[in-house]
file input-v1.cif (mmCIF, C-alpha atoms and all ligand atoms)
data_structure
loop_
_atom_site.label_atom_id
_atom_site.label_comp_id
_atom_site.auth_asym_id
_atom_site.auth_seq_id
_atom_site.Cartn_x
_atom_site.Cartn_y
_atom_site.Cartn_z
CA MET A 271 -3.08 0.67 29.68
CA SER A 272 -1.61 2.34 26.62
CA TYR A 273 0.54 0.70 23.95
CA LYS A 274 3.08 2.10 21.51
CA THR A 275 2.28 0.11 18.40
CA VAL A 276 -1.35 -0.92 18.80
CA LEU A 277 -4.60 0.59 20.02
CA PHE A 278 -7.00 -1.38 22.14
CA ASN A 279 -10.54 -0.44 22.99
CA VAL A 280 -13.62 -2.19 24.31
CA GLU A 281 -17.16 -1.08 23.54
CA GLY A 282 -19.79 -3.18 25.23
CA LYS A 283 -18.93 -6.80 24.47
CA VAL A 284 -16.77 -6.07 21.42
CA ALA A 285 -13.03 -5.38 21.71
CA THR A 286 -10.98 -3.89 18.89
CA LEU A 287 -7.23 -4.29 18.46
CA THR A 288 -5.89 -1.81 15.89
CA PHE A 289 -2.36 -2.14 14.51
CA ASN A 290 -1.00 1.36 14.79
CA ARG A 291 2.22 2.08 12.88
CA PRO A 292 0.46 3.62 9.86
CA GLU A 293 3.61 5.45 8.65
CA LYS A 294 5.21 2.01 8.15
CA LEU A 295 2.00 0.37 6.93
CA ASN A 296 1.80 -1.39 10.32
CA ALA A 297 4.84 -3.57 9.57
CA LEU A 298 5.22 -6.08 12.41
CA THR A 299 8.12 -5.52 14.79
CA PRO A 300 9.05 -7.68 17.79
CA GLU A 301 7.69 -4.88 20.01
CA MET A 302 4.37 -4.94 18.20
CA MET A 303 4.22 -8.74 18.46
CA GLY A 304 4.78 -8.40 22.22
CA GLU A 305 1.99 -5.85 22.53
CA ILE A 306 -0.39 -8.01 20.48
CA ALA A 307 0.37 -10.92 22.83
CA GLU A 308 -0.36 -8.70 25.86
CA VAL A 309 -3.71 -7.69 24.38
CA LEU A 310 -4.64 -11.29 23.54
CA GLU A 311 -3.83 -12.33 27.09
CA LYS A 312 -5.96 -9.53 28.48
CA VAL A 313 -8.87 -10.42 26.19
CA GLY A 314 -8.65 -14.08 27.26
CA LYS A 315 -8.98 -13.08 30.90
CA ASP A 316 -11.97 -10.75 30.46
CA PRO A 317 -15.26 -12.68 30.36
CA LYS A 318 -17.16 -9.51 29.36
CA ILE A 319 -15.44 -9.45 25.97
CA ARG A 320 -17.31 -11.71 23.55
CA VAL A 321 -15.75 -10.81 20.19
CA LEU A 322 -12.36 -9.45 19.16
CA ILE A 323 -11.84 -7.45 15.98
CA MET A 324 -8.37 -6.98 14.54
CA THR A 325 -7.81 -4.17 12.07
CA GLY A 326 -5.19 -1.66 10.96
CA GLN A 327 -4.83 2.10 11.12
CA GLY A 328 -4.33 3.84 7.77
CA ARG A 329 -3.70 2.13 4.42
CA ALA A 330 -2.73 -1.28 5.73
CA PHE A 331 -3.89 -4.12 7.93
CA ILE A 332 -0.24 -5.24 8.21
CA ALA A 333 2.18 -4.95 5.26
CA GLY A 334 4.31 -7.81 6.59
CA ALA A 335 7.03 -8.28 9.12
CA ASP A 336 9.24 -5.20 9.41
CA ILE A 337 11.83 -5.95 6.74
CA LYS A 338 14.48 -3.99 8.68
CA VAL A 339 14.40 -6.72 11.33
CA PHE A 340 15.44 -9.34 8.75
CA LEU A 341 18.81 -7.64 8.20
CA LYS A 342 19.85 -8.70 11.71
CA LEU A 343 18.51 -12.26 11.80
CA ASP A 344 20.76 -15.31 11.93
CA PRO A 345 19.13 -18.76 11.70
CA LEU A 346 18.68 -18.98 15.48
CA ALA A 347 17.06 -15.55 15.75
CA ALA A 348 14.93 -16.32 12.68
CA ARG A 349 13.67 -19.51 14.33
CA ARG A 350 12.73 -17.53 17.47
CA PHE A 351 11.03 -14.84 15.39
CA SER A 352 8.94 -17.44 13.58
CA GLN A 353 8.12 -19.28 16.82
CA THR A 354 7.00 -16.04 18.48
CA ALA A 355 4.75 -15.29 15.52
CA HIS A 356 3.29 -18.82 15.61
CA ARG A 357 2.56 -18.41 19.32
CA LEU A 358 0.38 -15.38 18.52
CA ALA A 359 -1.66 -17.51 16.14
CA PHE A 360 -2.03 -20.23 18.79
CA MET A 361 -3.18 -17.60 21.29
CA ILE A 362 -5.87 -16.47 18.84
CA GLU A 363 -6.94 -20.08 18.32
CA GLU A 364 -7.08 -20.71 22.07
CA LEU A 365 -9.42 -17.77 22.74
CA GLU A 366 -12.95 -19.05 23.23
CA ILE A 367 -14.43 -16.04 21.45
CA PRO A 368 -14.49 -15.24 17.72
CA VAL A 369 -11.62 -13.16 16.39
CA ILE A 370 -12.45 -11.36 13.15
CA ALA A 371 -9.73 -10.03 10.87
CA CYS A 372 -11.14 -6.82 9.37
CA VAL A 373 -8.67 -6.24 6.56
CA ASN A 374 -8.83 -2.57 5.66
CA GLY A 375 -5.87 -2.39 3.23
CA PHE A 376 -2.60 -4.27 2.60
CA ALA A 377 -2.43 -7.68 4.29
CA LEU A 378 0.93 -8.93 3.05
CA GLY A 379 3.33 -11.55 4.37
CA GLY A 380 2.84 -11.66 8.14
CA GLY A 381 -0.28 -9.52 7.65
CA CYS A 382 -1.95 -12.08 5.42
CA GLU A 383 -0.83 -14.75 7.90
CA MET A 384 -2.21 -12.78 10.87
CA ALA A 385 -5.53 -12.48 9.02
CA MET A 386 -5.57 -16.23 8.32
CA ALA A 387 -4.84 -16.95 11.99
CA CYS A 388 -8.10 -15.19 12.90
CA ASP A 389 -11.35 -17.13 12.83
CA PHE A 390 -12.51 -15.50 9.61
CA VAL A 391 -11.64 -12.57 7.39
CA TYR A 392 -13.72 -9.62 6.23
CA ALA A 393 -12.15 -7.38 3.60
CA SER A 394 -12.69 -3.83 2.53
CA GLU A 395 -13.20 -3.70 -1.26
CA ASP A 396 -9.75 -2.11 -1.69
CA ALA A 397 -7.86 -4.63 0.48
CA LYS A 398 -4.87 -6.46 -1.02
CA PHE A 399 -3.51 -9.83 0.07
CA GLY A 400 -0.29 -11.66 -0.71
CA GLN A 401 2.70 -13.66 0.45
CA PRO A 402 5.53 -11.71 -1.22
CA GLU A 403 8.35 -13.13 0.94
CA ILE A 404 9.80 -14.97 -2.08
CA ASN A 405 10.83 -11.57 -3.47
CA LEU A 406 13.01 -11.10 -0.36
CA GLY A 407 14.63 -14.50 -0.78
CA ILE A 408 12.70 -16.04 2.12
CA ILE A 409 9.40 -17.84 2.77
CA PRO A 410 6.38 -17.16 5.02
CA GLY A 411 7.25 -17.86 8.66
CA PHE A 412 4.02 -17.10 10.47
CA GLY A 413 2.03 -20.14 9.38
CA GLY A 414 1.42 -18.97 5.80
CA THR A 415 2.54 -22.08 3.97
CA GLN A 416 0.31 -24.24 6.17
CA ARG A 417 -2.81 -22.08 6.67
CA LEU A 418 -2.92 -20.87 3.07
CA ALA A 419 -2.65 -24.43 1.75
CA ARG A 420 -5.48 -25.54 4.04
CA LEU A 421 -7.66 -22.57 3.05
CA VAL A 422 -7.16 -22.42 -0.71
CA GLY A 423 -5.56 -25.79 -1.54
CA LYS A 424 -1.95 -26.81 -2.25
CA GLY A 425 -1.71 -25.69 -5.85
CA LEU A 426 -3.01 -22.16 -5.31
CA ALA A 427 -1.00 -21.76 -2.12
CA LYS A 428 2.17 -22.67 -4.03
CA GLU A 429 1.28 -20.35 -6.88
CA LEU A 430 0.77 -17.43 -4.47
CA CYS A 431 3.88 -18.14 -2.36
CA LEU A 432 6.08 -18.78 -5.42
CA THR A 433 5.01 -15.79 -7.50
CA GLY A 434 4.53 -13.47 -4.52
CA ARG A 435 1.77 -11.76 -6.50
CA LEU A 436 -0.77 -9.54 -4.74
CA ILE A 437 -4.45 -10.34 -5.09
CA ASP A 438 -7.42 -8.04 -4.56
CA ALA A 439 -10.32 -8.64 -2.19
CA ALA A 440 -12.55 -10.08 -4.93
CA GLU A 441 -9.97 -12.73 -5.88
CA ALA A 442 -9.24 -13.46 -2.21
CA ARG A 443 -12.95 -14.12 -1.72
CA THR A 444 -13.16 -16.37 -4.74
CA LEU A 445 -10.23 -18.38 -3.38
CA GLY A 446 -11.84 -18.80 0.06
CA LEU A 447 -9.49 -16.55 1.98
CA VAL A 448 -12.13 -13.88 2.63
CA ALA A 449 -15.64 -14.51 3.95
CA GLN A 450 -17.24 -11.21 2.92
CA ILE A 451 -16.32 -7.91 1.27
CA PHE A 452 -17.81 -4.56 2.31
CA PRO A 453 -17.51 -1.12 0.65
CA ALA A 454 -14.62 0.93 2.08
CA ALA A 455 -16.87 3.79 3.25
CA VAL A 456 -18.91 1.56 5.56
CA PHE A 457 -16.33 -1.16 6.20
CA MET A 458 -15.86 -0.88 9.96
CA ASP A 459 -19.58 -0.20 10.53
CA GLU A 460 -20.46 -3.43 8.74
CA CYS A 461 -17.77 -5.38 10.63
CA LEU A 462 -19.01 -3.99 13.95
CA LYS A 463 -22.59 -4.93 13.08
CA VAL A 464 -21.57 -8.57 12.66
CA ALA A 465 -19.36 -8.46 15.77
CA ARG A 466 -22.21 -7.09 17.92
CA SER A 467 -24.54 -9.78 16.65
CA LEU A 468 -21.96 -12.53 17.36
CA ALA A 469 -21.55 -11.10 20.87
CA GLN A 470 -25.21 -12.02 21.57
CA LYS A 471 -24.76 -15.71 20.74
CA GLY A 472 -24.26 -18.37 23.40
CA ARG A 473 -20.68 -18.40 24.69
CA VAL A 474 -20.52 -22.18 25.05
CA ALA A 475 -21.76 -22.85 21.53
CA VAL A 476 -19.44 -20.21 20.05
CA GLY A 477 -16.42 -21.75 21.79
CA ALA A 478 -17.52 -25.22 20.71
CA VAL A 479 -17.71 -24.23 17.03
CA LYS A 480 -14.19 -22.78 17.16
CA GLN A 481 -12.72 -25.76 18.92
CA ALA A 482 -14.47 -28.41 16.82
CA ILE A 483 -13.34 -26.81 13.56
CA ASP A 484 -9.81 -25.74 14.60
CA ARG A 485 -8.96 -29.08 16.20
CA GLY A 486 -11.02 -31.17 13.80
CA VAL A 487 -9.30 -30.10 10.57
CA ASP A 488 -6.04 -31.69 11.73
CA LEU A 489 -7.68 -35.06 12.50
CA TYR A 490 -8.78 -37.94 10.29
CA LEU A 491 -12.49 -37.73 9.55
CA ARG A 492 -13.80 -40.30 12.06
CA ALA A 493 -11.85 -38.62 14.89
CA GLY A 494 -13.26 -35.28 13.73
CA TYR A 495 -16.83 -36.61 13.95
CA ALA A 496 -16.13 -37.91 17.48
CA LEU A 497 -14.77 -34.50 18.45
CA GLU A 498 -17.93 -32.87 17.11
CA THR A 499 -20.17 -35.28 19.05
CA GLU A 500 -18.38 -34.39 22.30
CA ALA A 501 -18.63 -30.66 21.56
CA PHE A 502 -22.32 -31.04 20.68
CA ALA A 503 -22.95 -32.88 23.96
CA ARG A 504 -21.09 -30.19 25.93
CA CYS A 505 -23.50 -27.55 24.60
CA PHE A 506 -26.32 -29.28 26.49
CA ALA A 507 -24.49 -28.72 29.78
CA SER A 508 -25.27 -25.03 29.33
CA PRO A 509 -28.76 -23.56 29.85
CA ASP A 510 -28.26 -21.83 26.47
CA ALA A 511 -29.26 -25.01 24.62
CA LYS A 512 -32.68 -25.16 26.31
CA GLU A 513 -33.11 -21.38 26.00
CA GLY A 514 -32.37 -21.46 22.26
CA ALA A 515 -34.96 -24.17 21.58
CA ALA A 516 -37.56 -22.64 23.93
CA ALA A 517 -37.16 -19.18 22.37
CA PHE A 518 -37.67 -20.62 18.88
CA LEU A 519 -40.81 -22.49 19.90
CA GLU A 520 -42.17 -19.47 21.79
CA LYS A 521 -41.42 -17.24 18.77
CA ARG A 522 -39.16 -14.85 20.69
CA GLN A 523 -35.48 -13.86 20.64
CA PRO A 524 -33.25 -16.10 22.80
CA LYS A 525 -31.49 -14.64 25.82
CA PHE A 526 -28.23 -16.52 26.20
CA GLU A 527 -26.31 -16.42 29.48
N1 LIG B 601 8.67 -3.59 6.49
C1 LIG B 601 9.21 -2.38 6.77
N2 LIG B 601 8.75 -1.23 6.26
C2 LIG B 601 7.68 -1.31 5.45
C3 LIG B 601 7.07 -2.52 5.10
C4 LIG B 601 7.61 -3.71 5.67
N3 LIG B 601 7.08 -4.91 5.44
N4 LIG B 601 6.05 -2.28 4.26
C5 LIG B 601 6.02 -0.94 4.08
N5 LIG B 601 7.00 -0.35 4.80
C6 LIG B 601 7.31 1.09 4.90
C7 LIG B 601 8.03 1.60 3.66
O1 LIG B 601 9.43 1.31 3.75
C8 LIG B 601 7.72 3.08 3.74
O2 LIG B 601 8.54 3.65 4.74
P1 LIG B 601 9.31 5.07 4.42
O3 LIG B 601 8.19 6.04 4.19
O4 LIG B 601 10.06 5.33 5.67
O5 LIG B 601 10.13 4.84 3.21
C9 LIG B 601 6.30 3.09 4.29
O6 LIG B 601 6.10 1.84 4.92
C10 LIG B 601 5.23 3.24 3.21
O7 LIG B 601 5.43 2.23 2.24
P2 LIG B 601 5.63 2.52 0.68
O8 LIG B 601 6.40 1.37 0.09
O9 LIG B 601 6.20 3.89 0.47
O10 LIG B 601 4.11 2.50 0.17
P3 LIG B 601 3.59 2.10 -1.28
O11 LIG B 601 2.14 2.45 -1.31
O12 LIG B 601 4.46 2.66 -2.33
O13 LIG B 601 3.74 0.49 -1.36
C11 LIG B 601 3.54 -1.76 -0.53
C12 LIG B 601 2.99 -0.32 -0.51
C13 LIG B 601 2.78 -2.54 0.52
C14 LIG B 601 3.28 -2.40 -1.92
C15 LIG B 601 5.08 -1.74 -0.23
O14 LIG B 601 5.28 -0.97 0.94
C16 LIG B 601 5.65 -3.11 0.00
O15 LIG B 601 5.90 -3.83 -0.96
N6 LIG B 601 5.93 -3.47 1.28
C17 LIG B 601 6.59 -4.68 1.64
C18 LIG B 601 5.65 -5.84 1.53
C19 LIG B 601 6.36 -7.16 1.86
O16 LIG B 601 7.26 -7.60 1.19
N7 LIG B 601 5.90 -7.79 2.96
C20 LIG B 601 6.41 -9.05 3.40
C21 LIG B 601 7.49 -8.86 4.38
S1 LIG B 601 8.07 -10.43 4.94
#

call {"tool": "encode", "arguments": {"input": "input-v1.cif", "output": "structure tokens"}}
result
Amino acid sequence: MSYKTVLFNVEGKVATLTFNRPEKLNALTPEMMGEIAEVLEKVGKDPKIRVLIMTGQGRAFIAGADIKVFLKLDPLAARRFSQTAHRLAFMIEELEIPVIACVNGFALGGGCEMAMACDFVYASEDAKFGQPEINLGIIPGFGGTQRLARLVGKGLAKELCLTGRLIDAAEARTLGLVAQIFPAAVFMDECLKVARSLAQKGRVAVGAVKQAIDRGVDLYLRAGYALETEAFARCFASPDAKEGAAAFLEKRQPKFE
């Protein structure tokens, strides 16, 4: 199936979703959001896919929601727009496989929020992040105020959302927004290396890590520990747990199902 605003390809166990409106720095339109949702649904239904990479064509990951769209929004349409965007983030969270944001350039507004909705973020050394909505007289509407505050803390999140300033990859890493930075020339190769290695890990354990952390951060600590105990126990329902331990003791690589 071909899409108008994104590219989708699967190589082995790794799928890549590429935002593809480079002439508009991949600004998010409702059509693009619809196509992203279609891809996420497809990925969720394909057990062969074990990792999803999201990246952008050209100079940007996503330079924000398409500002043209805002001219037409009344409060009702704005609510729907924000809810649709939030649903994309929930779809990413609900996938049992890791979703890596490979931020190749500008990740602004909805782009920064899309990156934060992924399980973790890798950045090219020339990537730029920011929540510049304040300069348009609005605020982030794709989870930015909430995810940014949880990732970097309340004070820094407010400073970034209030000033709208752009930060480079190095600062984003210092703040905890970015897990690793790779040189631009080898960026996608390095991201793919990690993705292929994640694709070899046990599916049950990978899903359990995602669920325990995503659901646990919203709970009080004791409830979070209980959630972890249940997830830990569930891992032992899969042969992967025995295989992992046996492989270690037999000094060989594990073969997970
Ligand atoms: N919505 C719609 N169009 C956008 C866009 C957005 N969020 N971001 C970039 N574009 C378009 C530009 O209008 C331009 O289109 P044109 O060639 O038809 O004029 C094209 O993408 C290239 O962008 P340009 O501004 O010329 O590139 P630049 O290198 O000078 O600046 C940015 C890059 C990212 C700093 C600048 O495009 C920008 O500030 N974008 C908006 C960021 C933003 O506020 N995002 C949050 C939205 S809620």

call {"tool": "residues_near_ligand", "arguments": {"input": "input-v1.cif", "ligand": "ligand LIG 601 (chain B)", "cutoff": "7 Å", "atoms": "all atoms listed in the file", "output": "list in words"}}
result
Glu293, Lys294, Leu295, Ala297, Ala333, Gly334, Ala335, Asp336, Ile337, Lys338, Phe376, Leu378, Gly379, Gly380, Gln401, Pro402, Glu403, Leu406 and Pro410 of chain A

call {"tool": "residues_around", "arguments": {"input": "input-v1.cif", "residues": "Lys315 in chain A", "least_positions_apart": "4", "cutoff": "12 Å", "atoms": "all atoms listed in the file", "output": "list in words"}}
result
Glu308, Val309, Leu310, Glu311, Ile319, Arg320, Glu364, Leu365, Glu366 and Ile367 of chain A

call {"tool": "closest_residue", "arguments": {"input": "input-v1.cif", "among": "A:Ala285, A:Met386, A:Val313, A:Met302", "to": "Arg466 in chain A", "atoms": "all atoms listed in the file"}}
result
A:Ala285

call {"tool": "closest_residue", "arguments": {"input": "input-v1.cif", "among": "A:Lys525, A:Lys312, A:Gly326, A:Ala465", "to": "Thr275 in chain A", "atoms": "only C-alpha atoms"}}
result
A:Gly326

call {"tool": "residues_around", "arguments": {"input": "input-v1.cif", "residues": "range 447-449 of chain A", "least_positions_apart": "5", "cutoff": "6 Å", "atoms": "only C-alpha atoms", "output": "PDB file with C-alpha atoms, in the coordinates of the input"}}
result
ATOM      1  CA  VAL A 391     -11.640 -12.570   7.390  1.00  0.00           C
ATOM      2  CA  TYR A 392     -13.720  -9.620   6.230  1.00  0.00           C
ATOM      3  CA  ALA A 442      -9.240 -13.460  -2.210  1.00  0.00           C
TER       4      ALA A 442
END

call {"tool": "axis_aligned_box", "arguments": {"input": "input-v1.cif", "around": "range 369-387 of chain A", "padding_each_side": "3 Å", "output": "lines of an AutoDock Vina configuration file"}}
result
center_x = -4.6
center_y = -9.7
center_z = 9.5
size_x = 21.8
size_y = 20.6
size_z = 19.8

call {"tool": "decode", "arguments": {"input": "input-v1.cif", "residues": "range 364-376 of chain A", "atoms": "all heavy atoms", "output": "CSV table (one decimal), in the first residue's frame"}}
result
chain,number,residue,atom,x,y,z
A,364,GLU,N,0.5,1.6,23.0
A,364,GLU,CA,-0.2,0.3,23.0
A,364,GLU,C,0.5,-0.7,22.2
A,364,GLU,O,0.3,-1.9,22.4
A,364,GLU,CB,-1.7,0.4,22.5
A,364,GLU,CG,-2.6,1.2,23.5
A,364,GLU,CD,-2.6,0.5,24.9
A,364,GLU,OE1,-2.7,-0.7,25.0
A,364,GLU,OE2,-2.6,1.3,25.9
A,365,LEU,N,1.4,-0.3,21.3
A,365,LEU,CA,2.1,-1.3,20.5
A,365,LEU,C,3.0,-2.1,21.5
A,365,LEU,O,3.6,-1.5,22.4
A,365,LEU,CB,3.0,-0.7,19.5
A,365,LEU,CG,2.3,-0.1,18.2
A,365,LEU,CD1,3.4,0.6,17.3
A,365,LEU,CD2,1.6,-1.2,17.5
A,366,GLU,N,3.2,-3.4,21.3
A,366,GLU,CA,4.0,-4.2,22.2
A,366,GLU,C,5.5,-4.2,21.9
A,366,GLU,O,6.3,-4.8,22.5
A,366,GLU,CB,3.4,-5.6,22.3
A,366,GLU,CG,2.1,-5.7,23.1
A,366,GLU,CD,1.4,-7.0,22.9
A,366,GLU,OE1,2.0,-7.9,22.3
A,366,GLU,OE2,0.3,-7.2,23.5
A,367,ILE,N,5.8,-3.5,20.8
A,367,ILE,CA,7.2,-3.5,20.3
A,367,ILE,C,7.7,-2.1,20.5
A,367,ILE,O,7.0,-1.1,20.7
A,367,ILE,CB,7.2,-3.8,18.8
A,367,ILE,CG1,6.4,-2.8,18.0
A,367,ILE,CG2,6.7,-5.2,18.6
A,367,ILE,CD1,6.7,-2.9,16.5
A,368,PRO,N,9.1,-2.0,20.6
A,368,PRO,CA,9.7,-0.7,20.8
A,368,PRO,C,9.5,0.2,19.6
A,368,PRO,O,9.6,-0.2,18.4
A,368,PRO,CB,11.2,-1.0,21.0
A,368,PRO,CG,11.3,-2.4,21.2
A,368,PRO,CD,10.1,-3.1,20.6
A,369,VAL,N,9.2,1.5,19.8
A,369,VAL,CA,9.1,2.5,18.8
A,369,VAL,C,10.2,3.5,19.0
A,369,VAL,O,10.2,4.2,20.1
A,369,VAL,CB,7.7,3.2,18.7
A,369,VAL,CG1,7.6,4.1,17.6
A,369,VAL,CG2,6.6,2.1,18.6
A,370,ILE,N,11.1,3.6,18.1
A,370,ILE,CA,12.3,4.6,18.3
A,370,ILE,C,12.1,5.8,17.4
A,370,ILE,O,11.9,5.7,16.2
A,370,ILE,CB,13.6,3.9,17.9
A,370,ILE,CG1,13.7,2.5,18.5
A,370,ILE,CG2,14.8,4.8,18.3
A,370,ILE,CD1,15.0,1.7,18.0
A,371,ALA,N,12.1,7.0,18.1
A,371,ALA,CA,12.1,8.2,17.3
A,371,ALA,C,13.5,8.5,16.9
A,371,ALA,O,14.4,8.7,17.7
A,371,ALA,CB,11.6,9.4,18.1
A,372,CYS,N,13.8,8.5,15.6
A,372,CYS,CA,15.1,8.8,15.1
A,372,CYS,C,15.1,10.2,14.5
A,372,CYS,O,14.7,10.4,13.3
A,372,CYS,CB,15.6,7.8,14.0
A,372,CYS,SG,15.7,6.1,14.7
A,373,VAL,N,15.4,11.2,15.3
A,373,VAL,CA,15.2,12.6,15.0
A,373,VAL,C,16.4,13.1,14.2
A,373,VAL,O,17.5,13.3,14.7
A,373,VAL,CB,15.0,13.4,16.2
A,373,VAL,CG1,14.8,14.9,15.9
A,373,VAL,CG2,13.7,12.9,17.0
A,374,ASN,N,16.1,13.3,12.9
A,374,ASN,CA,17.2,13.6,11.9
A,374,ASN,C,17.4,15.1,11.7
A,374,ASN,O,18.3,15.5,11.1
A,374,ASN,CB,16.8,13.0,10.5
A,374,ASN,CG,15.3,13.4,10.2
A,374,ASN,OD1,14.4,13.1,10.9
A,374,ASN,ND2,15.2,14.0,9.0
A,375,GLY,N,16.4,15.9,12.2
A,375,GLY,CA,16.5,17.4,12.0
A,375,GLY,C,15.6,18.1,12.9
A,375,GLY,O,15.5,17.8,14.1
A,376,PHE,N,14.7,19.0,12.4
A,376,PHE,CA,13.8,19.8,13.3
A,376,PHE,C,12.8,18.8,13.9
A,376,PHE,O,12.1,18.1,13.1
A,376,PHE,CB,13.1,20.9,12.5
A,376,PHE,CG,14.0,22.0,12.1
A,376,PHE,CD1,14.3,22.2,10.7
A,376,PHE,CD2,14.5,22.9,13.0
A,376,PHE,CE1,15.1,23.2,10.3
A,376,PHE,CE2,15.3,23.9,12.6
A,376,PHE,CZ,15.6,24.1,11.2
